[in-house]
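Trainee: Contents of structure_7.txt (compact mmCIF, C-alpha atoms):
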# COMPACT_ATOMS: atom_id res chain seq x y z
CA MET L 1 -16.81 22.24 8.63
CA ASN L 2 -15.05 21.58 5.37
CA THR L 3 -17.40 20.18 2.74
CA THR L 4 -14.93 19.55 -0.07
CA LYS L 5 -13.25 16.15 -0.08
CA ARG L 6 -9.50 16.00 0.37
CA ILE L 7 -7.12 13.07 -0.06
CA VAL L 8 -4.19 12.89 2.33
CA THR L 9 -0.96 10.96 1.86
CA PRO L 10 0.92 9.16 4.66
CA GLY L 11 2.75 11.60 6.92
CA GLU L 12 0.81 14.64 5.74
CA LEU L 13 0.05 17.28 8.38
CA ILE L 14 -3.69 17.55 9.00
CA THR L 15 -4.03 20.07 11.82
CA ASP L 16 -2.17 21.41 14.84
CA LYS L 17 -5.33 21.82 16.94
CA ARG L 18 -6.41 19.35 19.62
CA LYS L 19 -9.17 17.07 18.36
CA LYS L 20 -10.71 13.68 19.04
CA LEU L 21 -8.83 11.05 17.09
CA GLY L 22 -10.40 8.53 14.76
CA ASP L 23 -8.78 5.84 12.62
CA HIS L 24 -5.47 6.06 10.75
CA ILE L 25 -4.19 9.12 12.60
CA TYR L 26 -1.04 9.62 14.63
CA ILE L 27 0.37 12.39 16.80
CA ARG L 28 3.90 13.76 16.69
CA GLU L 29 4.99 16.88 18.59
CA ASN L 30 1.36 17.74 19.45
CA LYS L 31 0.32 17.87 15.81
CA ILE L 32 -2.02 15.49 14.02
CA TYR L 33 -0.73 13.61 10.98
CA SER L 34 -2.33 11.18 8.56
CA GLY L 35 -1.09 7.61 8.86
CA VAL L 36 -2.40 6.27 5.58
CA LEU L 37 -3.38 7.20 2.03
CA GLY L 38 -7.04 8.07 2.36
CA ILE L 39 -9.90 10.55 2.40
CA LEU L 40 -9.85 13.08 5.23
CA ASN L 41 -12.90 13.28 7.47
CA GLU L 42 -12.55 16.40 9.62
CA THR L 43 -15.13 18.24 11.73
CA ASP L 44 -14.74 20.88 14.43
CA ASP L 45 -13.74 18.44 17.17
CA TYR L 46 -13.08 15.16 15.41
CA VAL L 47 -10.66 13.95 12.78
CA SER L 48 -10.15 10.62 11.02
CA VAL L 49 -8.95 9.25 7.70
CA VAL L 50 -10.86 6.71 5.62
CA ALA L 51 -8.26 4.48 3.93
CA LEU L 52 -8.49 3.93 0.18
CA ASN L 53 -6.98 0.46 0.39
CA GLY L 54 -5.57 -1.77 3.06
CA PRO L 55 -5.67 -4.97 5.05
CA TYR L 56 -8.74 -6.10 6.99
CA LEU L 57 -8.36 -5.67 10.74
CA PRO L 58 -10.90 -7.83 12.63
CA ARG L 59 -13.11 -6.11 15.20
CA ILE L 60 -15.52 -7.56 17.73
CA GLY L 61 -19.04 -7.84 16.33
CA ASP L 62 -18.12 -7.72 12.65
CA GLY L 63 -20.22 -9.96 10.42
CA ILE L 64 -17.78 -11.72 8.12
CA ILE L 65 -17.74 -14.38 5.45
CA GLY L 66 -15.27 -17.24 5.86
CA VAL L 67 -14.21 -20.32 3.98
CA VAL L 68 -13.30 -23.63 5.60
CA LYS L 69 -9.67 -24.09 4.64
CA ASN L 70 -8.88 -27.30 6.48
CA VAL L 71 -10.66 -29.92 8.61
CA THR L 72 -8.72 -31.37 11.54
CA GLN L 73 -9.63 -33.98 14.17
CA VAL L 74 -11.04 -31.44 16.60
CA GLY L 75 -12.13 -28.50 14.49
CA TYR L 76 -11.94 -26.34 11.42
CA VAL L 77 -9.35 -23.90 10.15
CA ILE L 78 -11.30 -21.00 8.66
CA ASP L 79 -9.87 -18.44 6.27
CA ILE L 80 -11.38 -15.03 7.07
CA LYS L 81 -9.11 -12.93 4.81
CA THR L 82 -6.95 -11.62 7.65
CA ASN L 83 -3.27 -12.19 8.24
CA GLN L 84 -3.99 -15.16 10.51
CA ASP L 85 -6.45 -18.03 9.98
CA CYS L 86 -8.94 -18.71 12.73
CA PHE L 87 -9.79 -22.01 14.41
CA PHE L 88 -13.30 -23.17 15.33
CA PRO L 89 -13.82 -26.35 17.44
CA LYS L 90 -16.10 -29.11 16.14
CA SER L 91 -17.80 -29.46 19.54
CA LEU L 92 -19.56 -26.10 19.18
CA LEU L 93 -21.27 -27.06 15.92
CA THR L 94 -24.08 -29.57 15.45
CA LYS L 95 -23.38 -29.98 11.76
CA GLU L 96 -20.23 -31.25 10.07
CA LEU L 97 -18.51 -28.86 7.67
CA VAL L 98 -16.53 -29.84 4.61
CA LYS L 99 -13.46 -28.20 3.10
CA GLY L 100 -14.45 -25.26 0.94
CA GLN L 101 -17.72 -24.56 2.79
CA VAL L 102 -18.63 -20.87 2.80
CA LEU L 103 -20.10 -19.52 6.02
CA PHE L 104 -21.25 -16.29 7.66
CA ALA L 105 -20.15 -15.61 11.21
CA ARG L 106 -19.64 -12.91 13.81
CA ILE L 107 -16.36 -12.10 15.48
CA LYS L 108 -16.48 -12.90 19.20
CA SER L 109 -13.02 -11.81 20.16
CA ALA L 110 -10.11 -10.41 18.23
CA ASP L 111 -6.95 -10.06 20.27
CA ASP L 112 -4.11 -12.53 19.60
CA SER L 113 -6.29 -14.95 17.68
CA VAL L 114 -9.75 -14.44 16.21
CA ASP L 115 -12.72 -16.37 17.66
CA LEU L 116 -16.04 -16.71 15.84
CA GLU L 117 -19.64 -17.18 16.98
CA ASN L 118 -23.10 -17.56 15.38
CA ILE L 119 -21.86 -19.57 12.43
CA ASN L 120 -24.36 -19.83 9.57
CA ILE L 121 -23.72 -22.18 6.69
CA LEU L 122 -24.41 -20.49 3.35
CA PRO L 123 -26.03 -22.34 0.44
CA LYS L 124 -24.36 -22.77 -2.94
CA GLY L 125 -23.41 -19.44 -4.49
CA ASN L 126 -20.56 -17.36 -5.83
CA LEU L 127 -17.83 -15.64 -3.87
CA LEU L 128 -16.30 -12.32 -4.87
CA SER L 129 -13.28 -10.77 -3.20
CA VAL L 130 -12.94 -7.00 -2.81
CA SER L 131 -10.84 -4.79 -0.55
CA SER L 132 -12.41 -4.54 2.90
CA VAL L 133 -12.23 -0.73 2.87
CA LYS L 134 -14.71 -0.62 -0.05
CA VAL L 135 -17.41 -2.54 1.88
CA PRO L 136 -19.17 0.55 3.32
CA ARG L 137 -19.45 1.92 -0.23
CA ILE L 138 -21.01 -1.33 -1.55
CA ILE L 139 -23.57 -1.32 1.26
CA GLY L 140 -24.30 2.41 1.15
CA LYS L 141 -26.28 4.55 3.57
CA ASN L 142 -29.09 2.44 5.08
CA GLU L 143 -28.19 -0.31 2.60
CA SER L 144 -29.27 1.93 -0.29
CA MET L 145 -26.57 0.76 -2.68
CA LEU L 146 -27.07 -2.89 -1.72
CA ASN L 147 -30.82 -2.67 -2.37
CA ILE L 148 -30.22 -1.11 -5.79
CA LEU L 149 -27.83 -3.94 -6.68
CA LYS L 150 -30.26 -6.58 -5.39
CA ASN L 151 -33.34 -5.21 -7.16
CA ASN L 152 -31.76 -4.40 -10.50
CA THR L 153 -29.79 -7.61 -11.00
CA ASP L 154 -32.27 -10.08 -9.42
CA SER L 155 -29.73 -11.29 -6.94
CA ASN L 156 -29.32 -12.20 -3.33
CA ILE L 157 -26.19 -10.63 -1.88
CA LEU L 158 -24.47 -11.00 1.46
CA VAL L 159 -21.52 -8.74 2.19
CA GLY L 160 -18.94 -9.65 4.80
CA LYS L 161 -17.01 -6.86 6.57
CA ASN L 162 -13.78 -8.62 5.57
CA GLY L 163 -14.39 -7.92 1.89
CA TRP L 164 -15.87 -11.19 0.72
CA ILE L 165 -19.20 -10.97 -1.07
CA TRP L 166 -21.43 -14.04 -1.42
CA TYR L 167 -24.15 -13.87 -4.07
CA VAL L 168 -26.68 -15.84 -6.08
CA SER L 169 -27.72 -13.94 -9.18
CA LYS L 170 -29.71 -14.29 -12.38
CA ASN L 171 -27.40 -11.75 -13.99
CA PRO L 172 -23.94 -12.32 -12.47
CA ALA L 173 -21.99 -10.48 -15.18
CA LEU L 174 -23.94 -7.25 -14.63
CA LEU L 175 -23.60 -7.50 -10.86
CA GLU L 176 -19.85 -7.95 -11.05
CA ASN L 177 -19.60 -5.05 -13.47
CA ALA L 178 -21.55 -2.82 -11.10
CA ILE L 179 -19.43 -3.85 -8.12
CA ASN L 180 -16.24 -3.16 -10.07
CA LEU L 181 -17.60 0.28 -10.95
CA ILE L 182 -18.26 1.01 -7.27
CA ILE L 183 -14.77 -0.11 -6.29
CA ASN L 184 -12.97 1.86 -8.99
CA ASN L 185 -14.90 5.07 -8.28
CA SER L 186 -15.35 4.73 -4.53
CA GLN L 187 -13.75 8.11 -3.78
CA LYS L 188 -16.20 10.06 -5.98
CA SER L 189 -19.50 11.49 -4.79
CA ASN L 190 -23.02 10.84 -6.13
CA LEU L 191 -22.12 7.21 -6.80
CA THR L 192 -25.45 5.64 -5.78
CA ASN L 193 -27.46 7.60 -8.35
CA THR L 194 -24.96 6.90 -11.14
CA ILE L 195 -24.99 3.16 -10.44
CA GLU L 196 -28.80 3.13 -10.35
CA GLU L 197 -28.98 4.93 -13.71
CA TYR L 198 -26.39 2.57 -15.19
CA LEU L 199 -28.26 -0.56 -14.07
CA LYS L 200 -31.65 0.73 -15.21
CA LYS L 201 -30.24 1.70 -18.61
CA ILE L 202 -28.86 -1.77 -19.23
CA LYS L 203 -31.98 -3.47 -17.89
CA GLY L 204 -34.03 -1.39 -20.33
CA MET Y 1 29.33 27.16 -15.39
CA THR Y 2 30.24 23.76 -16.75
CA THR Y 3 27.38 21.57 -17.75
CA ARG Y 4 26.95 17.90 -17.04
CA LEU Y 5 27.37 14.99 -19.43
CA ASP Y 6 23.64 14.83 -20.14
CA ASN Y 7 23.14 18.64 -20.18
CA ARG Y 8 21.33 18.74 -16.85
CA LYS Y 9 21.86 21.45 -14.24
CA VAL Y 10 23.86 20.41 -11.18
CA ASP Y 11 20.74 20.23 -9.00
CA GLU Y 12 18.41 18.77 -11.59
CA LEU Y 13 16.84 15.32 -11.30
CA ARG Y 14 16.37 12.93 -14.17
CA LYS Y 15 12.85 12.54 -15.56
CA ILE Y 16 10.59 10.50 -13.29
CA LYS Y 17 7.45 8.66 -14.36
CA ILE Y 18 5.30 6.81 -11.82
CA GLU Y 19 2.41 4.42 -12.32
CA LEU Y 20 0.59 2.84 -9.39
CA GLY Y 21 -1.40 -0.37 -9.14
CA VAL Y 22 0.23 -2.07 -12.12
CA SER Y 23 0.14 -5.60 -10.72
CA LYS Y 24 -3.18 -7.37 -10.26
CA ASN Y 25 -1.83 -10.01 -7.89
CA ALA Y 26 -0.08 -7.69 -5.45
CA GLU Y 27 -1.93 -5.59 -2.89
CA GLY Y 28 0.21 -2.60 -3.76
CA SER Y 29 2.49 -2.06 -6.72
CA CYS Y 30 4.45 0.67 -8.42
CA TYR Y 31 6.19 1.05 -11.77
CA LEU Y 32 8.88 3.70 -11.78
CA GLU Y 33 10.95 5.13 -14.60
CA TRP Y 34 13.80 7.29 -13.34
CA GLY Y 35 15.91 8.40 -16.28
CA LYS Y 36 17.13 5.11 -17.72
CA ASN Y 37 16.32 3.18 -14.55
CA ILE Y 38 13.20 1.03 -14.68
CA VAL Y 39 11.90 -0.47 -11.45
CA ILE Y 40 8.86 -2.52 -10.48
CA ALA Y 41 7.99 -2.81 -6.79
CA THR Y 42 5.22 -4.89 -5.23
CA VAL Y 43 4.01 -5.11 -1.63
CA ASN Y 44 2.05 -8.03 -0.19
CA GLY Y 45 0.85 -8.51 3.33
CA PRO Y 46 0.54 -8.49 6.26
CA LYS Y 47 0.44 -12.28 6.06
CA PRO Y 48 1.50 -15.23 8.23
CA VAL Y 49 5.24 -15.82 8.63
CA PHE Y 50 6.83 -19.05 7.44
CA PRO Y 51 8.99 -20.48 8.93
CA ARG Y 52 7.28 -19.61 12.19
CA HIS Y 53 10.43 -18.92 14.24
CA LEU Y 54 11.16 -15.83 12.14
CA ALA Y 55 8.02 -14.12 13.44
CA ASP Y 56 8.36 -11.25 15.88
CA PRO Y 57 5.65 -10.96 18.58
CA GLN Y 58 6.24 -7.19 18.83
CA LYS Y 59 6.05 -6.17 15.18
CA ALA Y 60 5.70 -7.22 11.57
CA VAL Y 61 8.79 -8.43 9.74
CA VAL Y 62 9.56 -6.58 6.51
CA ASP Y 63 11.10 -8.91 3.93
CA TYR Y 64 12.61 -6.60 1.32
CA LYS Y 65 14.00 -8.30 -1.78
CA TYR Y 66 16.09 -6.18 -4.15
CA ARG Y 67 16.84 -8.08 -7.35
CA MET Y 68 18.29 -7.10 -10.70
CA ALA Y 69 17.07 -8.72 -13.89
CA CYS Y 70 19.71 -10.54 -15.97
CA PHE Y 71 19.22 -8.04 -18.78
CA SER Y 72 19.25 -4.91 -16.61
CA VAL Y 73 22.98 -4.23 -17.12
CA SER Y 74 25.17 -4.29 -20.25
CA GLU Y 75 26.85 -7.58 -19.32
CA ARG Y 76 24.50 -10.38 -18.21
CA LYS Y 77 24.01 -10.41 -14.46
CA SER Y 78 23.63 -13.79 -12.82
CA PRO Y 79 20.11 -14.13 -11.43
CA VAL Y 80 21.49 -15.68 -8.24
CA PRO Y 81 21.33 -13.01 -5.50
CA GLY Y 82 24.88 -12.03 -4.76
CA LYS Y 83 26.52 -10.17 -1.85
CA ARG Y 84 25.49 -6.79 -3.26
CA ASP Y 85 21.81 -7.77 -3.67
CA LYS Y 86 21.65 -9.16 -0.13
CA GLU Y 87 23.30 -6.11 1.43
CA ILE Y 88 21.05 -3.65 -0.38
CA SER Y 89 18.00 -5.75 0.55
CA LEU Y 90 18.98 -5.64 4.23
CA VAL Y 91 19.66 -1.90 4.53
CA SER Y 92 16.68 -0.90 2.36
CA GLY Y 93 14.40 -3.24 4.32
CA ASN Y 94 15.46 -1.55 7.57
CA ALA Y 95 14.85 1.85 5.99
CA LEU Y 96 11.35 0.92 4.82
CA GLU Y 97 10.54 -0.64 8.19
CA SER Y 98 11.08 2.73 9.85
CA ALA Y 99 8.30 4.22 7.71
CA ILE Y 100 5.69 1.47 8.09
CA MET Y 101 3.88 1.20 11.44
CA VAL Y 102 5.03 -2.39 11.89
CA GLU Y 103 3.96 -2.52 15.55
CA GLN Y 104 0.30 -2.68 14.46
CA PHE Y 105 0.77 -6.12 12.88
CA PRO Y 106 2.59 -8.43 15.32
CA ASN Y 107 3.56 -11.94 14.15
CA THR Y 108 3.12 -11.11 10.48
CA LEU Y 109 5.22 -10.67 7.39
CA ILE Y 110 5.19 -7.80 4.90
CA ASP Y 111 6.65 -8.94 1.61
CA VAL Y 112 8.34 -6.31 -0.56
CA ASN Y 113 9.74 -7.34 -3.92
CA VAL Y 114 11.67 -4.91 -6.07
CA LEU Y 115 12.91 -5.87 -9.51
CA ILE Y 116 15.30 -3.67 -11.47
CA LEU Y 117 14.50 -4.05 -15.15
CA SER Y 118 17.02 -1.51 -16.36
CA ALA Y 119 19.91 -0.02 -14.41
CA ASP Y 120 21.71 3.31 -14.88
CA ALA Y 121 23.15 4.20 -11.45
CA GLY Y 122 21.11 5.01 -8.38
CA THR Y 123 18.98 1.86 -8.53
CA ARG Y 124 18.86 1.36 -4.78
CA VAL Y 125 17.33 4.80 -4.24
CA ALA Y 126 14.92 4.28 -7.13
CA ALA Y 127 13.96 0.90 -5.65
CA LEU Y 128 13.34 2.38 -2.21
CA THR Y 129 11.27 5.25 -3.64
CA ALA Y 130 9.16 2.76 -5.61
CA ALA Y 131 8.78 0.38 -2.65
CA SER Y 132 7.53 3.18 -0.43
CA LEU Y 133 4.96 4.16 -3.08
CA ALA Y 134 3.85 0.54 -3.39
CA ALA Y 135 3.43 0.29 0.40
CA ALA Y 136 1.29 3.44 0.42
CA ASP Y 137 -0.70 2.04 -2.51
CA ALA Y 138 -1.29 -1.17 -0.54
CA GLY Y 139 -2.85 0.98 2.21
CA LEU Y 140 -0.33 0.08 4.89
CA PRO Y 141 -0.28 2.52 7.82
CA MET Y 142 2.84 4.65 7.46
CA ARG Y 143 4.51 7.50 9.35
CA GLY Y 144 5.57 9.09 6.10
CA MET Y 145 7.03 8.35 2.72
CA ILE Y 146 10.59 7.28 1.99
CA SER Y 147 12.11 9.66 -0.55
CA ALA Y 148 15.53 8.54 -1.67
CA VAL Y 149 18.04 10.17 -3.98
CA ALA Y 150 21.74 9.94 -4.74
CA ALA Y 151 24.01 12.97 -4.63
CA GLY Y 152 27.74 13.26 -5.06
CA ARG Y 153 30.62 14.65 -7.06
CA ALA Y 154 31.58 14.20 -10.70
CA ASN Y 155 34.06 16.13 -12.85
CA GLU Y 156 35.02 18.38 -9.90
CA GLN Y 157 31.52 19.63 -9.19
CA LEU Y 158 28.91 18.63 -6.66
CA VAL Y 159 25.91 17.18 -8.46
CA LEU Y 160 22.56 15.59 -7.73
CA ASP Y 161 21.33 12.27 -9.09
CA LEU Y 162 24.39 10.80 -10.83
CA THR Y 163 24.18 8.69 -13.97
CA LYS Y 164 26.41 5.69 -14.69
CA ASP Y 165 28.71 7.79 -16.87
CA GLU Y 166 29.17 10.32 -14.08
CA GLU Y 167 29.75 7.56 -11.55
CA ASP Y 168 32.60 6.24 -13.73
CA THR Y 169 34.56 9.53 -13.72
CA ALA Y 170 37.89 9.63 -11.92
CA ASP Y 171 36.89 11.76 -8.91
CA ALA Y 172 33.36 10.39 -8.52
CA VAL Y 173 31.67 10.34 -5.14
CA ASP Y 174 28.29 8.68 -4.89
CA MET Y 175 26.19 9.10 -1.76
CA ALA Y 176 22.88 7.26 -1.66
CA CYS Y 177 20.52 8.90 0.85
CA ALA Y 178 17.00 8.01 1.90
CA PHE Y 179 14.88 10.33 4.02
CA LEU Y 180 11.68 9.71 5.91
CA MET Y 181 9.54 12.59 4.65
CA PRO Y 182 8.15 14.98 5.76
CA GLN Y 183 10.06 14.43 9.04
CA LYS Y 184 13.37 14.65 7.14
CA GLU Y 185 14.93 11.79 9.12
CA ILE Y 186 17.84 10.01 7.48
CA VAL Y 187 17.02 6.30 7.19
CA LEU Y 188 19.72 5.19 4.77
CA LEU Y 189 23.13 6.66 4.04
CA GLN Y 190 25.81 4.96 1.96
CA MET Y 191 28.82 6.44 0.19
CA ASP Y 192 31.45 5.48 -2.36
CA GLY Y 193 34.67 7.42 -2.91
CA PHE Y 194 36.77 9.94 -0.98
CA VAL Y 195 35.53 13.40 -0.04
CA LYS Y 196 36.44 16.29 2.24
CA LYS Y 197 34.44 16.90 5.41
CA GLU Y 198 32.90 20.17 4.16
CA ASP Y 199 31.93 18.63 0.84
CA CYS Y 200 30.34 15.70 2.61
CA SER Y 201 27.86 17.89 4.48
CA LYS Y 202 27.24 19.91 1.31
CA ILE Y 203 26.42 16.71 -0.60
CA LEU Y 204 24.01 15.72 2.16
CA GLU Y 205 22.28 19.12 1.93
CA ASN Y 206 21.98 18.68 -1.86
CA ALA Y 207 20.46 15.24 -1.30
CA LEU Y 208 17.84 16.66 1.07
CA ILE Y 209 16.81 19.25 -1.52
CA GLY Y 210 16.53 16.46 -4.08
CA ALA Y 211 14.52 14.29 -1.68
CA GLU Y 212 12.03 17.12 -1.17
CA LYS Y 213 11.49 17.23 -4.93
CA ILE Y 214 11.04 13.43 -4.98
CA TYR Y 215 8.51 13.67 -2.13
CA ASP Y 216 6.43 16.16 -4.10
CA ILE Y 217 6.46 13.83 -7.12
CA GLN Y 218 5.45 10.90 -4.92
CA LYS Y 219 2.55 12.83 -3.38
CA LYS Y 220 1.35 13.91 -6.82
CA ALA Y 221 1.45 10.33 -8.11
CA LEU Y 222 -0.57 9.06 -5.13
CA LEU Y 223 -3.23 11.75 -5.56
CA GLU Y 224 -3.47 11.13 -9.30
CA LYS Y 225 -4.52 7.52 -8.77
CA TYR Y 226 -7.73 8.61 -7.03
CA PRO Y 227 -9.28 11.53 -8.93
CA LEU Y 228 -12.05 13.13 -6.87
CA GLU Y 229 -13.55 14.98 -9.81
CA GLY Y 230 -14.53 13.73 -13.21
CA GLU Y 231 -17.12 11.52 -14.83
CA ILE Y 232 -17.69 8.01 -13.62
CA GLN Y 233 -16.86 5.90 -16.65
CA LEU Y 234 -19.59 3.37 -17.27
Could you render the structure as structure tokens?
Mentor:
Amino acid sequence: MNTTKRIVTPGELITDKRKKLGDHIYIRENKIYSGVLGILNETDDYVSVVALNGPYLPRIGDGIIGVVKNVTQVGYVIDIKTNQDCFFPKSLLTKELVKGQVLFARIKSADDSVDLENINILPKGNLLSVSSVKVPRIIGKNESMLNILKNNTDSNILVGKNGWIWYVSKNPALLENAINLIINNSQKSNLTNTIEEYLKKIKG
Amino acid sequence: MTTRLDNRKVDELRKIKIELGVSKNAEGSCYLEWGKNIVIATVNGPKPVFPRHLADPQKAVVDYKYRMACFSVSERKSPVPGKRDKEISLVSGNALESAIMVEQFPNTLIDVNVLILSADAGTRVAALTAASLAAADAGLPMRGMISAVAAGRANEQLVLDLTKDEEDTADAVDMACAFLMPQKEIVLLQMDGFVKKEDCSKILENALIGAEKIYDIQKKALLEKYPLEGEIQL
């Protein structure tokens, strides 16, 4: 197994061996090529590429944050940061929503149109938009990064898989700074420790 | 061996400088300096298509807009898109579509805007090179990169990457080629002027050599945006 990180560009040859295929990979003439600009993740029998940027593609079971974009007679048009807005009927909710309401929901189905379930209305807070591919980095392994952010900036954070972050914080400027640091250095290793040191240094 | 008007070798490209992620509002963007050409390309999307009837249920629609700034040429160019702008937009859009995996995003639109800030021959190839970089920067799934370059003939010799002065010579031939790299598929081929059959294939070979150089520059620029090593700047 290769331990050093490698960035691949679209169309770059990865290997000519037969392997299990992960995300952002395509096959041409029995060889495996990268389909996106990203970090290569290759083991003995598996290969995938983690994109460094890109659109959010909804998947069943994803916990996402949405914003009510429009209220119609029968339901709500909800913006979930994908290429198509999703519709949720009024009859499935006991509470009325207003335009601009932020909510947390799970994706029930994602074929032609996206359907949501388990809608939770979020209290007043701030919304931050990041690229959806950076979300795993903000959460970290076993939520390690998220816990560091929460503890060191006295905030309550909820991260949606679609790249929207809802937060209530006593120190919003520091939190946003830290998140920007994570996003701009997401391809580097040992990020969690650096961010922890940075936050503790500023906190004093 | 006779030299060229700007003292380059016959197979030498002009100086290329690439910067990625220059626009905050676009998902992917690229600033490209190619000799005296200056190009800015942005990519947005996939997003919903308006008007709705333009949407394709099989694939995403690539809306490529090639525009020249009024001040990009010596005499003021009208900002209204003319025949030339529309034609270049159409053929370049088709070329870029062959690189992006459009079938993954049905019923959506991918918006590509290319603005030429300064023009000195070969703007359509510079625009396509920049647009392909911007699409990769936006993280769109792609089969490969589009590497485009112009080759041709000036002052009785076959040359690569013509300037405006070379294009204005009496026997000038200008062939704009775009390749899907690393597959080396031709996705755009346009030519001005008259040329013999043998010369034509020679010019095409020259263009492919040039495109390989462009592809290396593109790859280097993409890797430079995400340094793996180095301090995390606090």
Trainee: Mind dumping a table of every chain Y residue within 6 Å of chain L, with the nearest atom pair and its distance in Å to one decimal, using only C-alpha atoms, sorted by chain and rising number, as a Markdown table?
Mentor:
| residue | atom | partner | partner_atom | distance |
| --- | --- | --- | --- | --- |
| Y:Pro46 | CA | L:Asn83 | CA | 5.7 |
| Y:Lys47 | CA | L:Asn83 | CA | 4.3 |
| Y:Pro48 | CA | L:Asn83 | CA | 5.7 |
| Y:Ala138 | CA | L:Gly54 | CA | 5.6 |
| Y:Gly139 | CA | L:Gly54 | CA | 4.0 |
| Y:Leu140 | CA | L:Gly54 | CA | 5.9 |
| Y:Pro141 | CA | L:Val36 | CA | 4.9 |
| Y:Met142 | CA | L:Gly35 | CA | 5.1 |
| Y:Arg143 | CA | L:Gly11 | CA | 5.1 |
| Y:Gly144 | CA | L:Gly11 | CA | 3.9 |
| Y:Leu228 | CA | L:Lys188 | CA | 5.2 |
Trainee: Just want the 10 Å neighbourhood of Ile157 of chain L, counted on only C-alpha atoms, with same-chain residues fewer than 4 positions away dropped. Output as a list in words.
Mentor: Gly125, Asn126, Leu127, Leu146, Asn147, Leu149, Lys150, Ile165, Trp166, Tyr167, Val168, Ser169 and Leu175 of chain L
Trainee: By how many Å are atom CA of Ala178 of chain Y and atom CA of Leu96 of chain Y apart?
Mentor: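 We find that atom CA of Ala178 of chain Y and atom CA of Leu96 of chain Y lie 9.5 Å from each other.
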Trainee: Quick one: everything within 12 Å of Val114 of chain L, counting all atoms listed in the file, minus sequence neighbours fewer than 5 positions away in the same chain. Send it as an NGL selection string.
Mentor: :L and (57-62 or 64 or 77-88 or 105-109)
Trainee: Smallest atom-to-atom distance to Asn120 of chain L: which of L:Lys95, L:Arg137, L:Lys170, L:Lys201, using only C-alpha atoms?
Mentor: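 For Asn120 of chain L, the nearest of the candidates is L:Lys95.
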Trainee: Could you state the separation of atom CA of Glu205 of chain Y and atom CA of Ala135 of chain Y in Å, given to one decimal place?
Mentor: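 Atom-to-atom, atom CA of Glu205 of chain Y to atom CA of Ala135 of chain Y, that is 26.7 Å.
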Trainee: Around all the atoms of segment 167-174 of chain Y listed in the file, draw an axis-aligned box and extend it by 4 Å on each of the six sides; I want its centre and edge lengths in Å to one decimal, as AutoDock Vina command-line options.
Mentor:
--center_x 33.1 --center_y 9.0 --center_z -9.3 --size_x 17.6 --size_y 13.5 --size_z 16.8
Trainee: Need the shell around segment 112-117 of chain Y: protein/DNA/RNA residues with any atom at most 10 Å away, counting only C-alpha atoms. Skip same-chain ones fewer than 6 positions apart. Format as a count of residues only?
Mentor: 42
Trainee: Which residues come within 6 Å of Pro57 of chain Y, counting only C-alpha atoms, excluding same-chain residues fewer than 2 positions away, as a list in words?
Mentor: Lys59, Pro106 and Asn107 of chain Y
Trainee: Can you spit out the residues from that selection as a PDB file, keeping the file's coordinate frame, using C-alpha atoms?
Mentor:
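Okay, this is what ended up in again12.pdb:
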ATOM      1  CA  LYS Y  59       6.050  -6.170  15.180  1.00  0.00           C
ATOM      2  CA  PRO Y 106       2.590  -8.430  15.320  1.00  0.00           C
ATOM      3  CA  ASN Y 107       3.560 -11.940  14.150  1.00  0.00           C
TER       4      ASN Y 107
END
Trainee: Report the distance between atom CA of Glu12 of chain Y and atom CA of Ile146 of chain Y in Å, rounded to one decimal place.
Mentor: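 Atom-to-atom, atom CA of Glu12 of chain Y to atom CA of Ile146 of chain Y, that is 19.4 Å.
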Trainee: Give the answer as one residue: which of L:Gly204, L:Pro123, L:Gly75, L:Gly66 has the shortest atom-to-atom distance to Trp164 of chain L, using all atoms listed in the file?
Mentor: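 Among the listed residues, L:Gly66 lies closest to Trp164 of chain L.
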Trainee: Counting all atoms listed in the file, which of Y:Asp174, Y:Asp137, Y:Asp120, Y:Asp199 gets nearest to Val22 of chain Y?
Mentor: Y:Asp137
Trainee: Between L:Asn180, L:Asn171, L:Ser132, L:Ser91, which one has atoms that come closest to Tyr76 of chain L, using all atoms listed in the file?
Mentor: L:Ser91
Trainee: I need the residue nearest Lys225 of chain Y from this list: Y:Leu133, Y:Ala95, Y:Ala211, Y:Ala119. Use all atoms listed in the file for the distance.
Mentor: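 Smallest distance to Lys225 of chain Y is found for Y:Leu133.
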Trainee: Check the smallest atom-to-atom distance from each of L:Ile14, L:Val68, L:Ile139, L:Leu174 to Lys99 of chain L using only C-alpha atoms, then report the winner.
Mentor: L:Val68
Trainee: Could you pull the residues within 7 Å of Leu160 of chain Y, counting only C-alpha atoms, minus those fewer than 3 positions along the same chain, as a CSV table (one decimal) with C-alpha atoms, in the coordinates of the input?
Mentor:
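As written to disk, out37.csv reads:
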chain,number,residue,atom,x,y,z
Y,10,VAL,CA,23.9,20.4,-11.2
Y,11,ASP,CA,20.7,20.2,-9.0
Y,12,GLU,CA,18.4,18.8,-11.6
Y,13,LEU,CA,16.8,15.3,-11.3
Y,150,ALA,CA,21.7,9.9,-4.7
Y,151,ALA,CA,24.0,13.0,-4.6
Y,152,GLY,CA,27.7,13.3,-5.1
Y,206,ASN,CA,22.0,18.7,-1.9
Y,207,ALA,CA,20.5,15.2,-1.3
